[in-house]
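Engineer: File name data.cif; file contents mmCIF, C-alpha atoms; full text below.
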data_final
#
loop_
_atom_site.label_atom_id
_atom_site.label_comp_id
_atom_site.auth_asym_id
_atom_site.auth_seq_id
_atom_site.Cartn_x
_atom_site.Cartn_y
_atom_site.Cartn_z
CA MET A 1 -12.21 13.34 -33.54
CA ASN A 2 -13.85 16.27 -31.80
CA THR A 3 -11.48 19.27 -31.73
CA LYS A 4 -12.87 20.46 -28.40
CA LEU A 5 -12.23 17.03 -26.92
CA SER A 6 -8.62 17.00 -28.13
CA ILE A 7 -7.85 20.42 -26.70
CA LYS A 8 -9.51 19.59 -23.40
CA ARG A 9 -7.51 16.40 -22.89
CA TRP A 10 -4.22 18.08 -23.70
CA TRP A 11 -4.79 20.92 -21.24
CA TYR A 12 -6.11 18.72 -18.44
CA LEU A 13 -3.66 15.84 -18.62
CA MET A 14 -0.33 16.77 -20.16
CA PRO A 15 0.88 19.22 -17.47
CA ILE A 16 0.20 16.59 -14.80
CA ILE A 17 1.90 13.82 -16.80
CA PHE A 18 4.89 16.03 -17.56
CA ILE A 19 5.44 17.16 -13.95
CA THR A 20 5.13 13.63 -12.57
CA TYR A 21 7.72 12.19 -14.94
CA SER A 22 9.96 15.22 -14.40
CA LEU A 23 10.08 14.53 -10.67
CA ALA A 24 11.07 10.93 -11.36
CA TYR A 25 14.00 12.09 -13.47
CA LEU A 26 15.07 14.67 -10.93
CA ASP A 27 15.56 12.01 -8.27
CA ARG A 28 17.34 9.48 -10.47
CA ALA A 29 19.75 11.75 -12.36
CA ASN A 30 21.19 13.93 -9.59
CA TYR A 31 23.61 11.19 -8.48
CA GLY A 32 25.88 12.21 -11.37
CA PHE A 33 26.28 15.63 -9.77
CA ALA A 34 26.97 14.15 -6.36
CA ALA A 35 29.69 12.02 -7.99
CA ALA A 36 31.23 15.13 -9.55
CA ALA A 37 30.91 17.00 -6.22
CA GLY A 38 32.89 14.59 -4.07
CA ILE A 39 30.53 11.92 -2.71
CA GLU A 40 33.21 9.35 -3.63
CA GLN A 41 35.84 11.01 -1.46
CA ASP A 42 33.45 11.61 1.44
CA LEU A 43 32.34 7.97 1.62
CA GLY A 44 35.58 6.36 0.43
CA ILE A 45 34.15 5.05 -2.85
CA SER A 46 36.45 3.78 -5.61
CA HIS A 47 35.79 4.57 -9.31
CA SER A 48 34.51 1.07 -10.03
CA ILE A 49 32.18 1.03 -7.00
CA SER A 50 30.94 4.55 -7.87
CA SER A 51 29.89 3.43 -11.34
CA LEU A 52 28.13 0.40 -9.83
CA ILE A 53 26.27 2.58 -7.31
CA GLY A 54 25.20 4.95 -10.06
CA ALA A 55 23.88 1.97 -12.02
CA LEU A 56 22.18 0.11 -9.14
CA PHE A 57 19.09 2.25 -9.62
CA PHE A 58 18.54 0.58 -12.98
CA LEU A 59 18.95 -2.91 -11.54
CA GLY A 60 16.01 -2.30 -9.21
CA TYR A 61 14.24 -0.65 -12.12
CA PHE A 62 14.82 -3.79 -14.22
CA PHE A 63 13.29 -6.28 -11.79
CA PHE A 64 10.02 -4.43 -11.17
CA GLN A 65 9.10 -3.16 -14.64
CA ILE A 66 6.79 -6.04 -15.57
CA PRO A 67 4.93 -6.31 -12.21
CA GLY A 68 4.38 -2.55 -12.27
CA ALA A 69 3.12 -2.61 -15.85
CA ILE A 70 0.69 -5.46 -15.13
CA TYR A 71 -0.70 -3.69 -12.06
CA ALA A 72 -1.09 -0.43 -14.01
CA SER A 73 -2.83 -2.23 -16.87
CA LYS A 74 -5.13 -4.43 -14.77
CA ARG A 75 -5.74 -2.25 -11.71
CA SER A 76 -4.93 1.47 -11.36
CA VAL A 77 -2.26 3.83 -12.69
CA ARG A 78 -3.55 6.48 -10.29
CA LYS A 79 -2.99 4.52 -7.05
CA LEU A 80 0.30 3.03 -8.22
CA ILE A 81 1.86 6.40 -9.07
CA PHE A 82 0.63 7.94 -5.79
CA TRP A 83 2.57 5.47 -3.66
CA CYS A 84 5.56 5.56 -5.99
CA LEU A 85 5.80 9.34 -5.66
CA ILE A 86 5.87 9.19 -1.87
CA LEU A 87 8.34 6.33 -1.69
CA TRP A 88 10.80 7.64 -4.27
CA GLY A 89 10.72 11.11 -2.68
CA LEU A 90 11.62 9.54 0.67
CA CYS A 91 14.39 7.44 -0.89
CA ALA A 92 15.84 10.42 -2.74
CA ALA A 93 15.89 12.53 0.42
CA ALA A 94 17.38 9.63 2.41
CA THR A 95 20.32 9.57 -0.02
CA GLY A 96 21.44 12.82 1.57
CA MET A 97 21.67 11.10 4.98
CA VAL A 98 23.77 8.04 4.09
CA GLN A 99 26.83 7.32 6.21
CA ASN A 100 28.42 4.42 4.35
CA ILE A 101 28.60 2.66 0.99
CA ALA A 102 26.19 -0.15 1.94
CA MET A 103 23.43 2.34 2.83
CA LEU A 104 23.95 4.22 -0.40
CA MET A 105 23.80 1.03 -2.49
CA ALA A 106 20.61 -0.12 -0.76
CA ILE A 107 18.87 3.24 -1.24
CA ARG A 108 19.83 3.48 -4.91
CA PHE A 109 18.46 -0.03 -5.53
CA ILE A 110 15.20 0.70 -3.65
CA LEU A 111 14.81 3.97 -5.55
CA GLY A 112 14.95 1.98 -8.79
CA VAL A 113 12.31 -0.44 -7.49
CA VAL A 114 9.79 2.28 -6.58
CA GLU A 115 10.37 4.22 -9.80
CA ALA A 116 10.16 1.10 -12.00
CA ALA A 117 6.43 1.41 -12.63
CA VAL A 118 6.45 5.06 -13.67
CA MET A 119 7.38 4.79 -17.35
CA PRO A 120 5.16 1.79 -18.30
CA ALA A 121 2.28 3.13 -16.20
CA MET A 122 2.44 6.53 -17.89
CA LEU A 123 2.63 4.99 -21.38
CA ILE A 124 -0.43 2.85 -20.57
CA TYR A 125 -2.17 5.94 -19.22
CA ILE A 126 -1.47 7.86 -22.44
CA SER A 127 -2.68 4.94 -24.58
CA ASN A 128 -6.03 5.15 -22.74
CA TRP A 129 -6.47 8.87 -23.42
CA PHE A 130 -4.83 9.70 -26.76
CA THR A 131 -5.39 8.31 -30.24
CA LYS A 132 -2.91 7.06 -32.84
CA SER A 133 -2.70 10.44 -34.58
CA GLU A 134 -1.79 12.14 -31.26
CA ARG A 135 0.26 9.53 -29.45
CA SER A 136 3.75 10.47 -30.63
CA ARG A 137 3.28 14.04 -29.39
CA ALA A 138 1.69 12.85 -26.14
CA ASN A 139 4.57 10.43 -25.49
CA THR A 140 7.06 13.16 -26.30
CA TYR A 141 5.53 15.57 -23.79
CA LEU A 142 5.80 12.79 -21.21
CA ILE A 143 9.43 12.03 -22.02
CA LEU A 144 10.30 15.73 -22.27
CA GLY A 145 10.26 15.46 -18.49
CA ASN A 146 13.66 13.81 -18.90
CA PRO A 147 15.72 16.46 -20.76
CA VAL A 148 13.77 19.42 -19.34
CA THR A 149 14.42 18.20 -15.81
CA VAL A 150 18.07 17.38 -16.44
CA LEU A 151 18.45 20.83 -18.03
CA TRP A 152 17.28 22.83 -15.00
CA MET A 153 18.48 20.21 -12.51
CA SER A 154 21.99 20.52 -13.94
CA ILE A 155 21.97 24.21 -13.13
CA ALA A 156 20.08 23.98 -9.83
CA SER A 157 22.13 21.06 -8.52
CA GLY A 158 25.36 22.90 -9.25
CA TYR A 159 24.18 25.90 -7.24
CA LEU A 160 22.76 23.76 -4.39
CA ILE A 161 26.00 21.85 -4.03
CA GLU A 162 28.04 25.05 -4.11
CA ALA A 163 25.78 26.68 -1.50
CA TYR A 164 25.11 23.72 0.82
CA GLY A 165 26.67 20.41 -0.29
CA TRP A 166 25.68 17.18 -1.98
CA ARG A 167 23.73 15.90 1.06
CA GLU A 168 21.47 18.92 1.18
CA MET A 169 20.98 18.74 -2.59
CA PHE A 170 19.49 15.23 -2.30
CA ILE A 171 17.20 16.22 0.57
CA ILE A 172 15.92 19.41 -1.08
CA GLU A 173 15.35 17.69 -4.45
CA GLY A 174 13.54 14.73 -2.87
CA LEU A 175 10.77 16.73 -1.16
CA PRO A 176 8.77 17.90 -4.26
CA ALA A 177 7.78 14.31 -5.19
CA ILE A 178 6.18 13.75 -1.78
CA LEU A 179 4.17 16.97 -2.00
CA TRP A 180 3.11 16.27 -5.60
CA ALA A 181 1.75 12.82 -4.66
CA PHE A 182 -1.24 14.36 -2.84
CA PHE A 183 -2.00 16.67 -5.75
CA TRP A 184 -1.84 13.69 -8.14
CA ILE A 185 -4.26 11.48 -6.17
CA ALA A 186 -6.74 14.34 -5.80
CA ILE A 187 -7.14 15.20 -9.49
CA VAL A 188 -6.13 12.18 -11.61
CA ARG A 189 -8.54 9.46 -12.79
CA ASP A 190 -7.58 6.27 -14.67
CA LYS A 191 -10.03 6.23 -17.60
CA PRO A 192 -12.04 8.80 -19.60
CA ASP A 193 -15.34 7.34 -18.37
CA GLU A 194 -14.38 8.23 -14.77
CA VAL A 195 -14.07 11.99 -15.24
CA LYS A 196 -16.73 14.68 -15.15
CA TRP A 197 -14.99 17.16 -17.41
CA LEU A 198 -15.81 15.11 -20.56
CA SER A 199 -19.36 14.88 -21.89
CA THR A 200 -20.94 11.50 -22.67
CA SER A 201 -20.58 12.09 -26.42
CA GLU A 202 -16.90 13.00 -26.02
CA LYS A 203 -16.26 9.81 -24.05
CA GLU A 204 -18.02 7.69 -26.67
CA SER A 205 -16.18 9.37 -29.54
CA LEU A 206 -12.83 8.72 -27.89
CA GLN A 207 -13.65 5.09 -27.12
CA ASN A 208 -14.83 4.44 -30.68
CA GLU A 209 -11.58 5.81 -32.06
CA MET A 210 -9.57 3.58 -29.71
CA ASN A 211 -11.58 0.51 -30.75
CA LYS A 212 -10.93 1.19 -34.45
CA GLU A 213 -7.16 1.21 -33.88
CA GLN A 214 -7.23 -2.38 -32.65
CA GLU A 215 -9.35 -3.82 -35.47
CA ASN A 216 -6.43 -4.97 -37.66
CA ILE A 217 -4.14 -6.15 -34.84
CA VAL A 218 -4.39 -9.88 -34.09
CA PRO A 219 -4.60 -10.49 -30.31
CA ILE A 220 -1.83 -12.43 -28.58
CA LYS A 221 -3.49 -15.31 -26.73
CA ASN A 222 -1.82 -14.94 -23.32
CA TYR A 223 0.93 -13.24 -21.35
CA SER A 224 3.47 -16.05 -21.79
CA ALA A 225 3.20 -15.73 -25.58
CA VAL A 226 4.48 -12.14 -25.32
CA PHE A 227 7.96 -13.39 -24.40
CA HIS A 228 8.12 -15.39 -27.65
CA SER A 229 6.74 -12.62 -29.87
CA PRO A 230 9.39 -11.57 -32.47
CA ILE A 231 8.16 -7.97 -32.49
CA VAL A 232 8.31 -7.66 -28.69
CA ILE A 233 11.80 -9.20 -28.67
CA LYS A 234 13.04 -6.78 -31.33
CA LEU A 235 11.54 -3.72 -29.65
CA SER A 236 13.02 -4.84 -26.33
CA LEU A 237 16.50 -5.24 -27.79
CA ILE A 238 16.26 -1.85 -29.50
CA HIS A 239 15.30 -0.13 -26.27
CA GLY A 240 18.07 -1.89 -24.34
CA LEU A 241 20.83 -0.99 -26.81
CA TRP A 242 19.52 2.55 -27.15
CA ASN A 243 19.49 3.12 -23.38
CA ILE A 244 23.13 2.09 -23.06
CA GLY A 245 23.89 5.31 -24.92
CA VAL A 246 21.24 7.51 -23.28
CA TYR A 247 22.00 6.67 -19.67
CA GLY A 248 25.71 6.22 -20.15
CA LEU A 249 25.80 9.85 -21.27
CA MET A 250 23.17 11.20 -18.87
CA MET A 251 24.68 9.70 -15.70
CA TRP A 252 28.27 10.68 -16.39
CA MET A 253 28.11 13.83 -18.52
CA PRO A 254 28.92 16.13 -15.56
CA SER A 255 32.00 14.03 -14.73
CA ILE A 256 33.04 13.83 -18.41
CA ILE A 257 32.82 17.60 -18.84
CA LYS A 258 34.52 18.38 -15.53
CA SER A 259 37.40 15.94 -16.11
CA ALA A 260 38.03 17.27 -19.63
CA SER A 261 38.03 20.94 -18.64
CA SER A 262 39.05 23.33 -15.87
CA PHE A 263 35.52 24.56 -15.19
CA ASP A 264 34.03 24.71 -11.68
CA LEU A 265 30.87 22.80 -10.79
CA VAL A 266 28.46 25.67 -11.53
CA SER A 267 29.97 26.15 -15.01
CA THR A 268 29.86 22.38 -15.51
CA GLY A 269 26.16 22.49 -14.65
CA TRP A 270 25.49 25.11 -17.29
CA LEU A 271 27.45 23.19 -19.93
CA THR A 272 25.65 19.96 -19.00
CA SER A 273 22.28 21.64 -19.51
CA VAL A 274 22.88 22.68 -23.14
CA PRO A 275 22.60 19.19 -24.75
CA TYR A 276 19.22 18.77 -23.06
CA LEU A 277 18.01 22.09 -24.43
CA ALA A 278 18.91 20.84 -27.92
CA ALA A 279 17.15 17.56 -27.14
CA ILE A 280 13.95 19.37 -26.14
CA CYS A 281 13.79 21.34 -29.39
CA LEU A 282 14.45 18.26 -31.55
CA MET A 283 12.01 16.06 -29.59
CA VAL A 284 9.11 18.45 -30.17
CA THR A 285 9.91 18.74 -33.88
CA ILE A 286 10.34 15.00 -34.44
CA SER A 287 7.14 14.08 -32.59
CA TRP A 288 5.13 16.54 -34.70
CA LEU A 289 6.62 15.15 -37.93
CA SER A 290 6.02 11.58 -36.79
CA ASP A 291 2.32 12.23 -36.17
CA LYS A 292 2.00 14.21 -39.38
CA PHE A 293 3.52 11.56 -41.66
CA GLN A 294 2.55 8.50 -39.57
CA ASN A 295 5.91 6.88 -40.30
CA ARG A 296 7.43 6.02 -36.94
CA LYS A 297 10.55 4.17 -38.18
CA LEU A 298 11.71 7.10 -40.29
CA PHE A 299 11.97 9.21 -37.14
CA VAL A 300 13.81 6.64 -35.01
CA TRP A 301 16.69 4.77 -36.68
CA PRO A 302 18.24 7.66 -38.68
CA LEU A 303 18.56 9.71 -35.48
CA HIS A 304 20.23 6.81 -33.69
CA ALA A 305 22.66 6.55 -36.61
CA ILE A 306 23.56 10.25 -36.34
CA ALA A 307 24.15 9.86 -32.58
CA ALA A 308 26.42 6.85 -33.20
CA VAL A 309 28.47 8.80 -35.76
CA SER A 310 28.78 11.69 -33.27
CA PHE A 311 30.20 9.37 -30.61
CA PHE A 312 32.64 7.77 -33.07
CA THR A 313 33.82 11.19 -34.27
CA SER A 314 34.29 12.39 -30.70
CA TYR A 315 36.35 9.26 -30.00
CA ILE A 316 38.57 9.90 -33.05
CA LEU A 317 39.16 13.54 -32.06
CA GLY A 318 39.95 12.75 -28.41
CA ILE A 319 39.69 15.00 -25.36
CA GLU A 320 42.30 17.43 -26.74
CA TYR A 321 39.57 19.07 -28.85
CA PHE A 322 37.21 19.82 -25.97
CA TRP A 323 34.81 22.23 -27.66
CA VAL A 324 34.40 20.15 -30.82
CA SER A 325 33.84 17.06 -28.67
CA TYR A 326 31.33 19.00 -26.59
CA LEU A 327 29.39 20.04 -29.72
CA LEU A 328 29.28 16.40 -30.80
CA LEU A 329 27.87 15.46 -27.37
CA ILE A 330 25.10 18.01 -27.95
CA VAL A 331 24.26 16.35 -31.29
CA ALA A 332 24.41 12.85 -29.77
CA ALA A 333 22.18 13.76 -26.82
CA ALA A 334 19.57 15.47 -29.01
CA CYS A 335 19.45 12.56 -31.48
CA MET A 336 19.18 9.94 -28.73
CA TYR A 337 16.29 11.68 -26.98
CA ALA A 338 14.29 12.81 -30.02
CA PRO A 339 12.99 9.36 -31.13
CA TYR A 340 11.30 8.47 -27.83
CA GLY A 341 7.90 9.85 -28.86
CA PRO A 342 7.73 8.03 -32.22
CA PHE A 343 9.16 4.82 -30.74
CA PHE A 344 6.56 4.50 -27.99
CA ALA A 345 3.79 5.61 -30.35
CA TYR A 346 4.89 2.71 -32.59
CA VAL A 347 4.43 0.10 -29.83
CA PRO A 348 0.58 0.20 -29.61
CA GLU A 349 0.44 0.16 -33.43
CA LEU A 350 2.28 -3.19 -33.49
CA ILE A 351 0.99 -4.89 -30.33
CA PRO A 352 -2.62 -5.83 -29.41
CA LYS A 353 -4.37 -4.06 -26.53
CA ASN A 354 -4.90 -7.25 -24.49
CA VAL A 355 -1.15 -7.63 -23.88
CA LEU A 356 -0.03 -4.00 -24.26
CA GLY A 357 0.70 -3.58 -20.55
CA ILE A 358 3.02 -6.56 -20.21
CA SER A 359 4.61 -5.80 -23.60
CA ILE A 360 5.46 -2.24 -22.54
CA GLY A 361 6.77 -3.63 -19.25
CA THR A 362 8.97 -6.12 -21.12
CA ILE A 363 10.30 -3.45 -23.48
CA ASN A 364 11.04 -1.12 -20.56
CA CYS A 365 12.57 -4.00 -18.62
CA SER A 366 15.10 -4.44 -21.42
CA GLY A 367 15.57 -0.67 -21.48
CA ALA A 368 16.31 -0.72 -17.74
CA LEU A 369 18.93 -3.43 -18.26
CA GLY A 370 20.52 -1.31 -20.99
CA SER A 371 20.40 1.70 -18.65
CA PHE A 372 22.13 -0.32 -15.92
CA LEU A 373 24.85 -1.50 -18.30
CA GLY A 374 25.32 1.97 -19.77
CA ALA A 375 25.50 3.72 -16.40
CA TRP A 376 27.85 1.07 -14.99
CA PHE A 377 30.21 0.47 -17.91
CA VAL A 378 30.50 4.10 -18.99
CA GLY A 379 31.40 5.15 -15.45
CA TYR A 380 33.76 2.20 -15.08
CA LEU A 381 35.52 2.79 -18.40
CA ASN A 382 35.88 6.51 -17.72
CA GLY A 383 37.36 5.71 -14.31
CA ILE A 384 39.97 3.15 -15.39
CA THR A 385 41.04 4.91 -18.61
CA GLY A 386 40.86 8.51 -17.40
CA SER A 387 39.15 9.43 -20.67
CA PRO A 388 35.65 9.07 -22.15
CA ASN A 389 36.96 7.81 -25.52
CA THR A 390 36.44 4.09 -24.84
CA SER A 391 32.96 4.67 -23.47
CA TYR A 392 32.09 6.74 -26.57
CA THR A 393 32.90 3.66 -28.67
CA LEU A 394 30.67 1.47 -26.47
CA MET A 395 27.74 3.89 -26.82
CA ALA A 396 28.24 4.23 -30.58
CA CYS A 397 28.25 0.44 -31.13
CA SER A 398 25.13 -0.08 -29.04
CA LEU A 399 23.29 2.59 -31.03
CA LEU A 400 24.33 1.00 -34.32
CA GLY A 401 22.83 -2.28 -33.09
CA ALA A 402 19.56 -0.45 -32.39
CA VAL A 403 19.66 1.06 -35.90
CA ILE A 404 19.93 -2.36 -37.56
CA LEU A 405 17.11 -3.88 -35.51
CA MET A 406 14.76 -0.92 -35.99
CA TYR A 407 15.32 -0.89 -39.74
CA SER A 408 14.41 -4.59 -39.91
CA ILE A 409 10.90 -4.14 -38.44
CA LYS A 410 8.08 -4.30 -40.97
CA ASN A 411 5.36 -1.68 -40.75
CA LYS A 412 1.78 -2.89 -40.24
CA LYS A 413 -0.40 -2.40 -43.29
#
Represent the structure contained in this file as structure tokens.
Structural biologist:
Amino acid sequence: MNTKLSIKRWWYLMPIIFITYSLAYLDRANYGFAAAAGIEQDLGISHSISSLIGALFFLGYFFFQIPGAIYASKRSVRKLIFWCLILWGLCAAATGMVQNIAMLMAIRFILGVVEAAVMPAMLIYISNWFTKSERSRANTYLILGNPVTVLWMSIASGYLIEAYGWREMFIIEGLPAILWAFFWIAIVRDKPDEVKWLSTSEKESLQNEMNKEQENIVPIKNYSAVFHSPIVIKLSLIHGLWNIGVYGLMMWMPSIIKSASSFDLVSTGWLTSVPYLAAICLMVTISWLSDKFQNRKLFVWPLHAIAAVSFFTSYILGIEYFWVSYLLLIVAAACMYAPYGPFFAYVPELIPKNVLGISIGTINCSGALGSFLGAWFVGYLNGITGSPNTSYTLMACSLLGAVILMYSIKNKK
């Protein structure tokens, strides 16, 4: 592959991809800070209803994963993301104007619907522009939008709430997505053959490399066969179990830290940001190693196992040992986020191009269901027990299930 071509694609595309996914995470994750800041008291929300509201985003996300993936694969990632950016920015800002529980529930669900297409669309977009030897790193730079955003959002949201309130935080943090939508539509194109900044030889070289990757993968005959494919089923279950841990921790970490300590909301924001800093460092390292050694499994299941052990150990210690438990949360967060690049680089290596879109949608659909269950049950268990210990056990067990399934997958020769 042409070195000049590789450098050019990275510099043109990755900043745009990263910022777009970052904005999606900003508007889905800040509810955890509103919960810690008193939205429950202001709207008269019980602990069980609060956990359901926090999770409703993922229910909407679940239902529209596959339609979004099919549209992105068959039509246009560019147009789909443009409208999603505008709509989710409006929904996020509208959260700051809610007057009752019903409005809040409806907005959270709609926000999940309009953000549902983002992850599969971006993965399809990357698969059109980056080769097998680059894909783990490319996927990682996409998904880095998650921990990087939660890192600075944790700090910024704490200050915004302290200065203005949770309503103003939602409004201020919803506006950037709307503005970014017009930048996105102006500069992004769906396929390499549509851009002017690649030469004809560079386009041909890239397409030839993509064609070679599919030579040894047997096509799946139609979309319905995807739902019976053992490899798609396994990957879907892995992503679902994994996301119970990821989103259970992400949604409720501010509340967990605040309830287990005497820190104010600004200090809680700083403490919440540290696990994501660790995740960023480990994600970059793991993606580089995955591309270097071309062994995706080796950089997925062992990290899930370490995260599971961290949750179990934190459960055994209990909330009395706050700082040790906090260090274990840092380890768990880093090890749950780090495998995303290798995992999603593995998918196109196992699944034929003709059904890649719907396969990614199915895998993400299962991930969204796991996210819903994690966000709901972790919040619910924390609320009724007054401690995160039971939810730590739930997250650890789900991760162990993902470890077993991932280990059982056979690499393609």
Engineer: Given the choices A:Val226, A:Met406, A:Ile19, A:Ala396, which gets closest to Trp184 of chain A if the distance is worked out from only C-alpha atoms?
Structural biologist: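 Selected residue with least distance to Trp184 of chain A: A:Ile19.
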Engineer: Write out as an MDAnalysis selection string which residues come within 8 Å of segment 243-252 of chain A when counting only C-alpha atoms, dropping same-chain ones fewer than 4 positions away.
Structural biologist: chainID A and resid 29 31:32 54 239 256 333 336:337 367:368 370:379 394:396 398:399
Engineer: Kindly export the residues of the current selection with C-alpha atoms, as a short mmCIF file (atom, residue, chain, number, x, y, z; two decimals), keeping the file's coordinate frame.
Structural biologist:
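Final output, result-v2.cif:
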data_model
loop_
_atom_site.label_atom_id
_atom_site.label_comp_id
_atom_site.auth_asym_id
_atom_site.auth_seq_id
_atom_site.Cartn_x
_atom_site.Cartn_y
_atom_site.Cartn_z
CA ALA A 29 19.75 11.75 -12.36
CA TYR A 31 23.61 11.19 -8.48
CA GLY A 32 25.88 12.21 -11.37
CA GLY A 54 25.20 4.95 -10.06
CA HIS A 239 15.30 -0.13 -26.27
CA ILE A 256 33.04 13.83 -18.41
CA ALA A 333 22.18 13.76 -26.82
CA MET A 336 19.18 9.94 -28.73
CA TYR A 337 16.29 11.68 -26.98
CA GLY A 367 15.57 -0.67 -21.48
CA ALA A 368 16.31 -0.72 -17.74
CA GLY A 370 20.52 -1.31 -20.99
CA SER A 371 20.40 1.70 -18.65
CA PHE A 372 22.13 -0.32 -15.92
CA LEU A 373 24.85 -1.50 -18.30
CA GLY A 374 25.32 1.97 -19.77
CA ALA A 375 25.50 3.72 -16.40
CA TRP A 376 27.85 1.07 -14.99
CA PHE A 377 30.21 0.47 -17.91
CA VAL A 378 30.50 4.10 -18.99
CA GLY A 379 31.40 5.15 -15.45
CA LEU A 394 30.67 1.47 -26.47
CA MET A 395 27.74 3.89 -26.82
CA ALA A 396 28.24 4.23 -30.58
CA SER A 398 25.13 -0.08 -29.04
CA LEU A 399 23.29 2.59 -31.03
#
Engineer: Pick out the closest residue to Val331 of chain A from this set: A:Asn30, A:Ser314, A:Ser157, A:Ser51. Count all atoms listed in the file.
Structural biologist: A:Ser314
Engineer: Just give me the residues with any atom within 9 Å of (20.0, 2.9, -4.6), file coordinates, counting only C-alpha atoms, written as an MDAnalysis selection string.
Structural biologist: chainID A and resid 53:58 60 91:92 95 103:113
Engineer: As an mmCIF file with C-alpha atoms, keeping the file's coordinate frame, please: the residues near segment 340-350 of chain A (cut-off 6 Å, all atoms listed in the file, same-chain neighbours under 6 positions excluded).
Structural biologist:
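Final output, selection-v7.cif:
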data_model
loop_
_atom_site.group_PDB
_atom_site.id
_atom_site.type_symbol
_atom_site.label_atom_id
_atom_site.label_comp_id
_atom_site.auth_asym_id
_atom_site.auth_seq_id
_atom_site.Cartn_x
_atom_site.Cartn_y
_atom_site.Cartn_z
ATOM 1 C CA ARG A 135 0.260 9.530 -29.450
ATOM 2 C CA SER A 136 3.750 10.470 -30.630
ATOM 3 C CA ASN A 139 4.570 10.430 -25.490
ATOM 4 C CA THR A 140 7.060 13.160 -26.300
ATOM 5 C CA SER A 287 7.140 14.080 -32.590
ATOM 6 C CA ARG A 296 7.430 6.020 -36.940
#
Engineer: Enter the distance from atom CA of Glu202 of chain A to atom CA of Thr131 of chain A, in Å, rounded to one decimal.
Structural biologist: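 Pair atom CA of Glu202 of chain A / atom CA of Thr131 of chain A returns 13.1 Å.
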Engineer: Taking into account all atoms listed in the file, which residue in the set A:Ser154, A:Thr313, A:Asn364, A:Ser73 is nearest to Leu26 of chain A?
Structural biologist: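 Of the candidates, the smallest distance to Leu26 of chain A is held by A:Ser154.
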Engineer: Kindly indicate which residue among A:Ala72, A:Leu327, A:Val232, A:Ile171 lies nearest to Gly89 of chain A, using all atoms listed in the file for the distances.
Structural biologist: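 Checking each candidate against Gly89 of chain A, we get A:Ile171 as the closest.
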Engineer: Have a look at atom CA of Leu237 of chain A and atom CA of Ile49 of chain A and let me know their distance in Å, one decimal.
Structural biologist: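 Rounded to one decimal, the two atoms are 26.8 Å apart.
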Engineer: Between atom CA of Glu168 of chain A and atom CA of Ala93 of chain A, what is the distance in Å, rounded to a tenth?
Structural biologist: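 We find that atom CA of Glu168 of chain A and atom CA of Ala93 of chain A lie 8.5 Å from each other.
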Engineer: Could you name the residues that touch His304 of chain A at 8 Å or less, counting all atoms listed in the file, but leaving out those on the same chain fewer than 4 positions away, as a list in words?
Structural biologist: Trp242, Val300, Ala308, Cys335, Met336, Leu399, Leu400, Ala402 and Val403 of chain A
Engineer: Go ahead and write the residues just picked, C-alpha atoms, as a PDB file, in the coordinates of the input.
Structural biologist:
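Written output follows (part-v8.pdb):
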ATOM      1  CA  TRP A 242      19.520   2.550 -27.150  1.00  0.00           C
ATOM      2  CA  VAL A 300      13.810   6.640 -35.010  1.00  0.00           C
ATOM      3  CA  ALA A 308      26.420   6.850 -33.200  1.00  0.00           C
ATOM      4  CA  CYS A 335      19.450  12.560 -31.480  1.00  0.00           C
ATOM      5  CA  MET A 336      19.180   9.940 -28.730  1.00  0.00           C
ATOM      6  CA  LEU A 399      23.290   2.590 -31.030  1.00  0.00           C
ATOM      7  CA  LEU A 400      24.330   1.000 -34.320  1.00  0.00           C
ATOM      8  CA  ALA A 402      19.560  -0.450 -32.390  1.00  0.00           C
ATOM      9  CA  VAL A 403      19.660   1.060 -35.900  1.00  0.00           C
TER      10      VAL A 403
END
Engineer: Nearest to Ser310 of chain A among A:Phe62, A:Phe293, A:Phe227, A:Tyr392, with distances taken over all atoms listed in the file: which residue is it?
Structural biologist: A:Tyr392
Engineer: Could you tell me, as a ChimeraX atom specification, exactly which residues end up selected when the PyMOL selection byres ((chain A and resi 365) around 8) is applied to this structure?
Structural biologist: /A:61-66,236,361-364,366-369
Engineer: Based on the selection just made, write C-alpha atoms of those residues as a PDB file, in the frame of the given file.
Structural biologist:
ATOM      1  CA  TYR A  61      14.240  -0.650 -12.120  1.00  0.00           C
ATOM      2  CA  PHE A  62      14.820  -3.790 -14.220  1.00  0.00           C
ATOM      3  CA  PHE A  63      13.290  -6.280 -11.790  1.00  0.00           C
ATOM      4  CA  PHE A  64      10.020  -4.430 -11.170  1.00  0.00           C
ATOM      5  CA  GLN A  65       9.100  -3.160 -14.640  1.00  0.00           C
ATOM      6  CA  ILE A  66       6.790  -6.040 -15.570  1.00  0.00           C
ATOM      7  CA  SER A 236      13.020  -4.840 -26.330  1.00  0.00           C
ATOM      8  CA  GLY A 361       6.770  -3.630 -19.250  1.00  0.00           C
ATOM      9  CA  THR A 362       8.970  -6.120 -21.120  1.00  0.00           C
ATOM     10  CA  ILE A 363      10.300  -3.450 -23.480  1.00  0.00           C
ATOM     11  CA  ASN A 364      11.040  -1.120 -20.560  1.00  0.00           C
ATOM     12  CA  SER A 366      15.100  -4.440 -21.420  1.00  0.00           C
ATOM     13  CA  GLY A 367      15.570  -0.670 -21.480  1.00  0.00           C
ATOM     14  CA  ALA A 368      16.310  -0.720 -17.740  1.00  0.00           C
ATOM     15  CA  LEU A 369      18.930  -3.430 -18.260  1.00  0.00           C
TER      16      LEU A 369
END
Engineer: Looking at all atoms listed in the file, which of A:Thr200, A:Ser205, A:Gln214, A:Ser22 is the one that sits closest to Gly145 of chain A?
Structural biologist: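 Going through A:Thr200, A:Ser205, A:Gln214, A:Ser22 one by one, the smallest distance to Gly145 of chain A is for A:Ser22.
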